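One file, target-v7.cif, is given below (mmCIF, C-alpha atoms and all ligand atoms).
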```
data_coords
loop_
_atom_site.label_atom_id
_atom_site.label_comp_id
_atom_site.auth_asym_id
_atom_site.auth_seq_id
_atom_site.Cartn_x
_atom_site.Cartn_y
_atom_site.Cartn_z
CA MET A 1 -8.91 -14.16 -4.39
CA THR A 2 -10.34 -10.61 -4.51
CA LYS A 3 -8.29 -9.69 -1.48
CA ILE A 4 -5.06 -10.63 -3.22
CA LYS A 5 -5.99 -8.53 -6.25
CA VAL A 6 -6.75 -5.48 -4.11
CA ILE A 7 -3.37 -5.75 -2.39
CA LYS A 8 -1.66 -6.12 -5.78
CA ASN A 9 -3.40 -2.97 -7.04
CA ILE A 10 -2.47 -1.03 -3.94
CA LEU A 11 1.18 -2.00 -4.27
CA SER A 12 1.27 -1.22 -7.97
CA ALA A 13 -0.32 2.23 -7.46
CA ASN A 14 2.17 2.82 -4.67
CA LYS A 15 5.05 1.84 -6.95
CA ASN A 16 3.99 4.45 -9.56
CA THR A 17 3.97 7.22 -6.97
CA ALA A 18 7.27 5.95 -5.53
CA ASP A 19 8.85 6.21 -8.99
CA LYS A 20 7.57 9.79 -9.21
CA ASN A 21 9.17 10.59 -5.83
CA ARG A 22 12.39 8.91 -6.98
CA ARG A 23 12.50 11.10 -10.12
CA PHE A 24 11.97 14.16 -7.94
CA PHE A 25 14.90 13.17 -5.66
CA ARG A 26 17.13 12.51 -8.65
CA GLU A 27 16.33 15.88 -10.25
CA LYS A 28 17.07 17.71 -6.99
CA GLY A 29 20.21 15.66 -6.27
CA ILE A 30 18.82 14.45 -2.93
CA LEU A 31 19.80 11.14 -1.32
CA ALA A 32 16.53 9.81 0.17
CA VAL A 33 16.79 7.11 2.82
CA ASN A 34 13.98 5.10 4.36
CA LEU A 35 14.79 4.56 8.05
CA MET A 36 12.96 1.55 9.41
CA GLY A 37 12.93 -0.68 12.50
CA SER A 38 10.86 -1.77 15.49
CA PRO A 39 9.20 0.75 17.79
CA GLY A 40 11.86 2.06 20.13
CA SER A 41 14.85 0.53 18.33
CA GLY A 42 16.43 3.99 18.24
CA LYS A 43 15.61 5.50 14.83
CA THR A 44 15.09 9.03 16.13
CA SER A 45 18.01 8.65 18.55
CA LEU A 46 20.24 7.75 15.60
CA LEU A 47 19.20 10.96 13.86
CA GLU A 48 19.81 13.00 17.00
CA LYS A 49 23.26 11.46 17.39
CA THR A 50 24.00 12.04 13.70
CA PHE A 51 23.17 15.76 14.00
CA GLU A 52 25.06 16.04 17.31
CA ALA A 53 28.13 14.35 15.83
CA GLY A 54 28.31 17.52 13.72
CA ALA A 55 27.16 16.21 10.41
CA GLY A 56 28.52 19.69 9.52
CA ASP A 57 28.95 19.57 5.78
CA LEU A 58 25.77 17.51 5.26
CA ARG A 59 22.44 19.27 4.93
CA PHE A 60 19.53 17.15 6.16
CA ALA A 61 15.75 17.26 6.00
CA VAL A 62 13.51 14.78 7.78
CA ILE A 63 10.04 13.29 7.32
CA GLU A 64 8.77 11.69 10.52
CA GLY A 65 6.16 8.93 10.35
CA ASP A 66 4.13 7.89 13.37
CA LEU A 67 0.62 6.76 14.16
CA ALA A 68 0.03 9.67 16.51
CA THR A 69 1.95 12.57 18.15
CA SER A 70 4.63 14.92 16.92
CA HIS A 71 7.16 13.85 19.53
CA ASP A 72 9.82 12.79 17.05
CA ALA A 73 9.43 15.91 14.89
CA LYS A 74 9.91 18.06 18.00
CA ARG A 75 13.11 16.17 18.81
CA ILE A 76 14.45 16.81 15.30
CA LYS A 77 13.45 20.50 15.27
CA ARG A 78 15.85 21.18 18.17
CA PHE A 79 18.70 20.72 15.71
CA GLY A 80 17.35 23.29 13.27
CA VAL A 81 16.73 20.57 10.68
CA PRO A 82 13.61 21.05 8.47
CA VAL A 83 11.08 18.40 9.45
CA VAL A 84 7.51 17.39 8.61
CA GLN A 85 5.48 15.01 10.76
CA ILE A 86 3.08 12.55 9.15
CA ASN A 87 0.51 10.91 11.42
CA THR A 88 -0.94 7.76 9.88
CA HIS A 89 -3.82 7.58 12.43
CA GLY A 90 -3.56 3.83 12.80
CA GLY A 91 -1.72 3.02 9.57
CA CYS A 92 1.24 0.72 10.24
CA HIS A 93 3.56 2.11 7.52
CA LEU A 94 4.19 5.13 5.33
CA ASP A 95 3.32 5.01 1.65
CA ALA A 96 4.67 6.90 -1.36
CA ASN A 97 1.65 9.19 -1.54
CA MET A 98 2.09 10.38 2.06
CA VAL A 99 5.75 11.09 1.34
CA GLY A 100 4.90 12.93 -1.90
CA ARG A 101 2.52 15.22 0.02
CA ALA A 102 5.07 15.84 2.79
CA LEU A 103 7.71 16.81 0.21
CA LYS A 104 5.62 19.84 -0.73
CA GLU A 105 5.93 21.15 2.83
CA LEU A 106 9.72 20.91 3.04
CA PRO A 107 12.25 23.51 1.89
CA LEU A 108 14.45 21.13 -0.12
CA ALA A 109 16.45 23.51 -2.32
CA HIS A 110 19.62 22.98 -0.28
CA THR A 111 19.13 19.43 1.00
CA ASP A 112 21.72 16.68 0.54
CA ILE A 113 20.00 13.91 2.49
CA LEU A 114 16.30 13.39 3.19
CA VAL A 115 15.68 10.87 5.96
CA ILE A 116 12.21 9.36 6.08
CA GLU A 117 11.69 7.78 9.51
CA ASN A 118 9.04 5.14 8.94
CA VAL A 119 6.44 3.95 11.45
CA GLY A 120 8.06 1.65 14.03
CA ASN A 121 7.30 -1.80 12.61
CA LEU A 122 9.40 -4.68 11.25
CA VAL A 123 6.71 -5.96 8.87
CA CYS A 124 4.57 -3.66 6.68
CA PRO A 125 7.06 -0.87 5.79
CA ALA A 126 9.13 -3.47 3.90
CA ASP A 127 6.35 -3.78 1.28
CA PHE A 128 6.00 -0.08 0.50
CA ASP A 129 8.53 1.61 -1.76
CA LEU A 130 8.67 5.32 -0.92
CA GLY A 131 10.99 6.27 -3.78
CA GLU A 132 14.06 6.05 -1.54
CA SER A 133 17.45 5.07 -2.86
CA LYS A 134 18.56 3.36 0.37
CA ARG A 135 16.79 1.40 3.07
CA ILE A 136 18.26 1.37 6.55
CA VAL A 137 17.05 -0.89 9.34
CA VAL A 138 17.76 -0.09 12.97
CA LEU A 139 17.71 -3.14 15.22
CA SER A 140 18.53 -2.94 18.92
CA VAL A 141 20.22 -5.59 21.04
CA THR A 142 17.28 -5.53 23.49
CA GLU A 143 14.99 -7.06 20.83
CA GLY A 144 16.72 -10.44 21.03
CA GLU A 145 18.82 -12.47 18.64
CA ASP A 146 16.10 -13.97 16.48
CA LYS A 147 14.42 -10.91 14.98
CA ILE A 148 16.26 -11.01 11.67
CA GLU A 149 15.16 -14.59 11.02
CA LYS A 150 11.59 -13.86 12.14
CA TYR A 151 11.23 -10.69 10.04
CA PRO A 152 13.51 -11.45 7.08
CA PHE A 153 12.00 -9.19 4.41
CA MET A 154 12.94 -6.02 6.23
CA PHE A 155 16.59 -7.11 6.15
CA LYS A 156 16.63 -8.80 2.76
CA PHE A 157 15.93 -5.54 0.91
CA ALA A 158 17.91 -3.16 3.11
CA GLY A 159 21.23 -1.58 2.18
CA CYS A 160 22.37 -1.10 5.74
CA CYS A 161 21.58 -2.57 9.15
CA ILE A 162 22.45 -0.66 12.29
CA LEU A 163 22.65 -2.70 15.47
CA ASN A 164 21.91 -0.14 18.16
CA LYS A 165 22.17 -0.07 21.98
CA ILE A 166 25.43 -2.00 22.09
CA ASP A 167 26.07 -0.34 25.46
CA LEU A 168 23.40 -2.75 26.76
CA LEU A 169 25.07 -5.90 25.41
CA PRO A 170 26.37 -6.99 28.85
CA TYR A 171 22.76 -7.16 30.13
CA CYS A 172 20.95 -8.74 27.18
CA ASN A 173 22.30 -12.23 26.76
CA VAL A 174 22.70 -11.83 22.99
CA SER A 175 25.73 -12.02 20.74
CA ASP A 176 26.28 -9.05 18.44
CA GLU A 177 28.49 -11.22 16.22
CA ARG A 178 25.77 -13.88 15.87
CA ILE A 179 23.25 -11.17 14.96
CA LYS A 180 25.66 -9.87 12.32
CA ARG A 181 26.24 -13.35 10.89
CA THR A 182 22.47 -13.93 10.60
CA ALA A 183 21.98 -10.57 8.91
CA LEU A 184 24.67 -11.32 6.33
CA LYS A 185 23.25 -14.78 5.72
CA ILE A 186 19.92 -13.23 4.76
CA ASN A 187 21.50 -10.42 2.76
CA LYS A 188 25.17 -10.76 1.89
CA ASP A 189 25.33 -7.20 0.50
CA LEU A 190 24.13 -5.62 3.73
CA ASP A 191 26.46 -3.07 5.34
CA PHE A 192 26.36 -3.74 9.06
CA PHE A 193 27.25 -1.28 11.84
CA LYS A 194 27.21 -1.61 15.60
CA VAL A 195 26.42 1.64 17.39
CA SER A 196 25.31 3.07 20.66
CA CYS A 197 23.20 6.19 20.41
CA LYS A 198 23.79 6.59 24.12
CA THR A 199 27.61 6.64 24.16
CA GLY A 200 28.16 7.62 20.51
CA GLU A 201 30.22 4.50 19.79
CA GLY A 202 30.19 3.60 16.09
CA ILE A 203 28.39 6.77 14.97
CA ASN A 204 31.33 8.06 12.96
CA ARG A 205 31.50 4.93 10.82
CA TRP A 206 27.80 5.23 10.08
CA LEU A 207 28.31 8.85 9.06
CA GLU A 208 31.13 7.84 6.75
CA TRP A 209 28.82 5.30 5.12
CA LEU A 210 26.17 7.98 4.61
CA ARG A 211 28.69 10.42 3.12
CA ALA A 212 29.96 7.74 0.75
CA LYS A 213 26.43 7.24 -0.62
CA LEU A 214 26.08 10.86 -1.74
N1 LIG A 301 20.79 2.40 26.41
C1 LIG A 301 20.47 2.89 25.20
N2 LIG A 301 19.26 3.43 24.99
C2 LIG A 301 18.97 3.91 23.77
C3 LIG A 301 19.88 3.86 22.70
N3 LIG A 301 19.30 4.37 21.59
C4 LIG A 301 18.08 4.74 21.96
N4 LIG A 301 17.84 4.48 23.27
C5 LIG A 301 16.61 4.72 24.02
O1 LIG A 301 15.60 3.91 23.43
C6 LIG A 301 14.34 4.58 23.51
C7 LIG A 301 13.68 4.64 22.14
O2 LIG A 301 14.45 5.45 21.29
P1 LIG A 301 13.83 6.22 20.04
O3 LIG A 301 14.95 6.91 19.37
O4 LIG A 301 12.65 7.04 20.44
O5 LIG A 301 13.34 5.00 19.17
P2 LIG A 301 12.52 5.02 17.79
O6 LIG A 301 12.95 3.85 17.02
O7 LIG A 301 12.65 6.34 17.14
O8 LIG A 301 11.04 4.80 18.33
P3 LIG A 301 9.65 5.00 17.50
O9 LIG A 301 9.78 6.22 16.66
O10 LIG A 301 8.63 5.15 18.57
O11 LIG A 301 9.45 3.76 16.70
C8 LIG A 301 14.62 5.95 24.12
O12 LIG A 301 14.33 5.91 25.49
C9 LIG A 301 16.11 6.14 23.88
O13 LIG A 301 16.72 6.97 24.84
C10 LIG A 301 21.18 3.29 22.95
O14 LIG A 301 22.05 3.17 22.08
N5 LIG A 301 21.39 2.81 24.22
MG MG A 302 11.19 7.63 16.42
#
```
Let me see the file written as structure tokens.
Ligand SMILES: Nc1nc2c(ncn2[C@@H]2O[C@H](COP(=O)(O)OP(=O)(O)OP(=O)(O)O)[C@@H](O)[C@H]2O)c(=O)[nH]1
Ligand SMILES: [Mg+2]
Amino acid sequence: MTKIKVIKNILSANKNTADKNRRFFREKGILAVNLMGSPGSGKTSLLEKTFEAGAGDLRFAVIEGDLATSHDAKRIKRFGVPVVQINTHGGCHLDANMVGRALKELPLAHTDILVIENVGNLVCPADFDLGESKRIVVLSVTEGEDKIEKYPFMFKFAGCCILNKIDLLPYCNVSDERIKRTALKINKDLDFFKVSCKTGEGINRWLEWLRAKL
């Protein structure tokens, strides 16, 4: 009983801070996206490919969330994109307070899109509003066909699902079309893209989607 109440309080406090972050993004005219997905699904690779594809007219900033290390932030820095690393030291998701603190360390005056790469995890990040206006889930074909049904909440509340690593489809014994059908069954409003961050296939359509959200 007590445990449930504590969780409720945590989520409600988080929601208040998330609303504050959301107001901040609105005032600054920033599109904030919460990039989620399993460890290794290709979240950072998607960002790298996005910057490589010459996002050109779009000005990005990035918050990187991880338990430990600054590996992802270093990868982003190579593109000259402002980035802050958050280490959760064991925490399995980012929360609105962590994001609010990170915002103070970013030069955001000229930012169009802030990407918040969440901790690699298909469960807990779904519960924590960060103040974002869009949720994006990266799923890779190597994770198997059943992940959307096993972890439905992540997909139910997302605006966009990116099926990554389609270059590996011939080796994975999964059907990209079946994965797409399952995703749309759980969330009929989901925009679904198939990409390969290795070959670049599909990246342009994803960029168009992002541009259209501005
Ligand atoms: N073959 C192939 N490999 C990929 C693709 N995208 C990413 N990878 C590889 O997958 C591994 C994990 O990619 P990351 O971008 O680090 O994944 P991530 O989701 O950011 O991982 P975490 O931040 O640790 O949760 C790396 O070795 C990438 O090179 C792809 O489209 N095809
Ligand atoms: Mg990463």
When you look at Cys161 in chain A with a cut-off of 9 Å (counting only C-alpha atoms), what residues show up, excluding the ones that are within fewer than 3 positions of it in the same chain? I need them as a ChimeraX atom specification. /A:135-139,155,158,180,183,190-194
Taking all atoms listed in the file into account, which residues are within 10 Å of ligand MG 302 (chain A), as a ChimeraX atom specification? /A:35-47,64-66,70-73,75-76,117-120
Near-Ser133 in chain A list (7 Å; only C-alpha atoms; drop same-chain fewer than 3 positions) as a list of chain:residue names: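 Residues near the query, excluding close chain neighbours: A:Leu31, A:Ala32, A:Val33.
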Extract, using only C-alpha atoms, all DNA, RNA and protein residues at most 9 Å from Asn97 in chain A, discarding same-chain residues fewer than 5 positions from it, and format them as a PDB file with C-alpha atoms, in the coordinates of the input.
```
ATOM      1  CA  ASN A  14       2.170   2.820  -4.670  1.00  0.00           C
ATOM      2  CA  THR A  17       3.970   7.220  -6.970  1.00  0.00           C
ATOM      3  CA  ALA A  18       7.270   5.950  -5.530  1.00  0.00           C
ATOM      4  CA  ASN A  21       9.170  10.590  -5.830  1.00  0.00           C
ATOM      5  CA  ALA A 102       5.070  15.840   2.790  1.00  0.00           C
ATOM      6  CA  LEU A 130       8.670   5.320  -0.920  1.00  0.00           C
TER       7      LEU A 130
END
```
Of the candidates A:Leu103, A:Ile166, A:Val6, A:Ala109, which shows the shortest atom-to-atom distance to ligand LIG 301 (chain A), using only C-alpha atoms and all ligand atoms?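 Closest to ligand LIG 301 (chain A), using only C-alpha atoms and all ligand atoms: A:Ile166.
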Which residues are close to Leu106 in chain A, i.e. within 12 Å by only C-alpha atoms, leaving aside same-chain residues fewer than 3 positions away? Reply as a VMD selection string. chain A and resid 60 to 64 81 to 85 99 to 103 109 to 111 114
Please, what distance in Å, to one decimal, runs between CA of Gly202 in chain A and CA of Met154 in chain A?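 One can read the CA of Gly202 in chain A to CA of Met154 in chain A distance as 22.1 Å.
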In Å, with one decimal, what is the gap from atom N1 of ligand LIG 301 (chain A) to CA of Glu132 in chain A?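 Distance between the two atoms: 29.0 Å.
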Which residue out of A:Ser196, A:Thr50, A:Thr69, A:Asn173 has the minimum interatomic distance to ligand LIG 301 (chain A) when all atoms listed in the file are used? A:Ser196
First collect every listed atom of range 193-200 of chain A; then fit an axis-aligned box around them, widen it by 8 Å on each side, and give centre and edge lengths in Å to one decimal, as AutoDock Vina command-line options.
```
--center_x 25.7 --center_y 3.0 --center_z 18.0 --size_x 21.0 --size_y 25.2 --size_z 28.3
```
Can you pull out the residues contacting Cys172 in chain A? Cut-off 12 Å, using only C-alpha atoms, and skip same-chain residues under 2 positions away; I want them as an NGL selection string. :A and (140-145 or 165-170 or 174-176)
CA of Lys147 in chain A to CA of Val123 in chain A, straight-line distance in Å: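 Interatomic distance, CA of Val123 in chain A to CA of Lys147 in chain A: 11.0 Å.
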Counting all atoms listed in the file, the residue of A:His93, A:Lys150, A:Lys198, A:Arg26 that sits nearest ligand LIG 301 (chain A):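 For ligand LIG 301 (chain A), the nearest of the given residues is A:Lys198.
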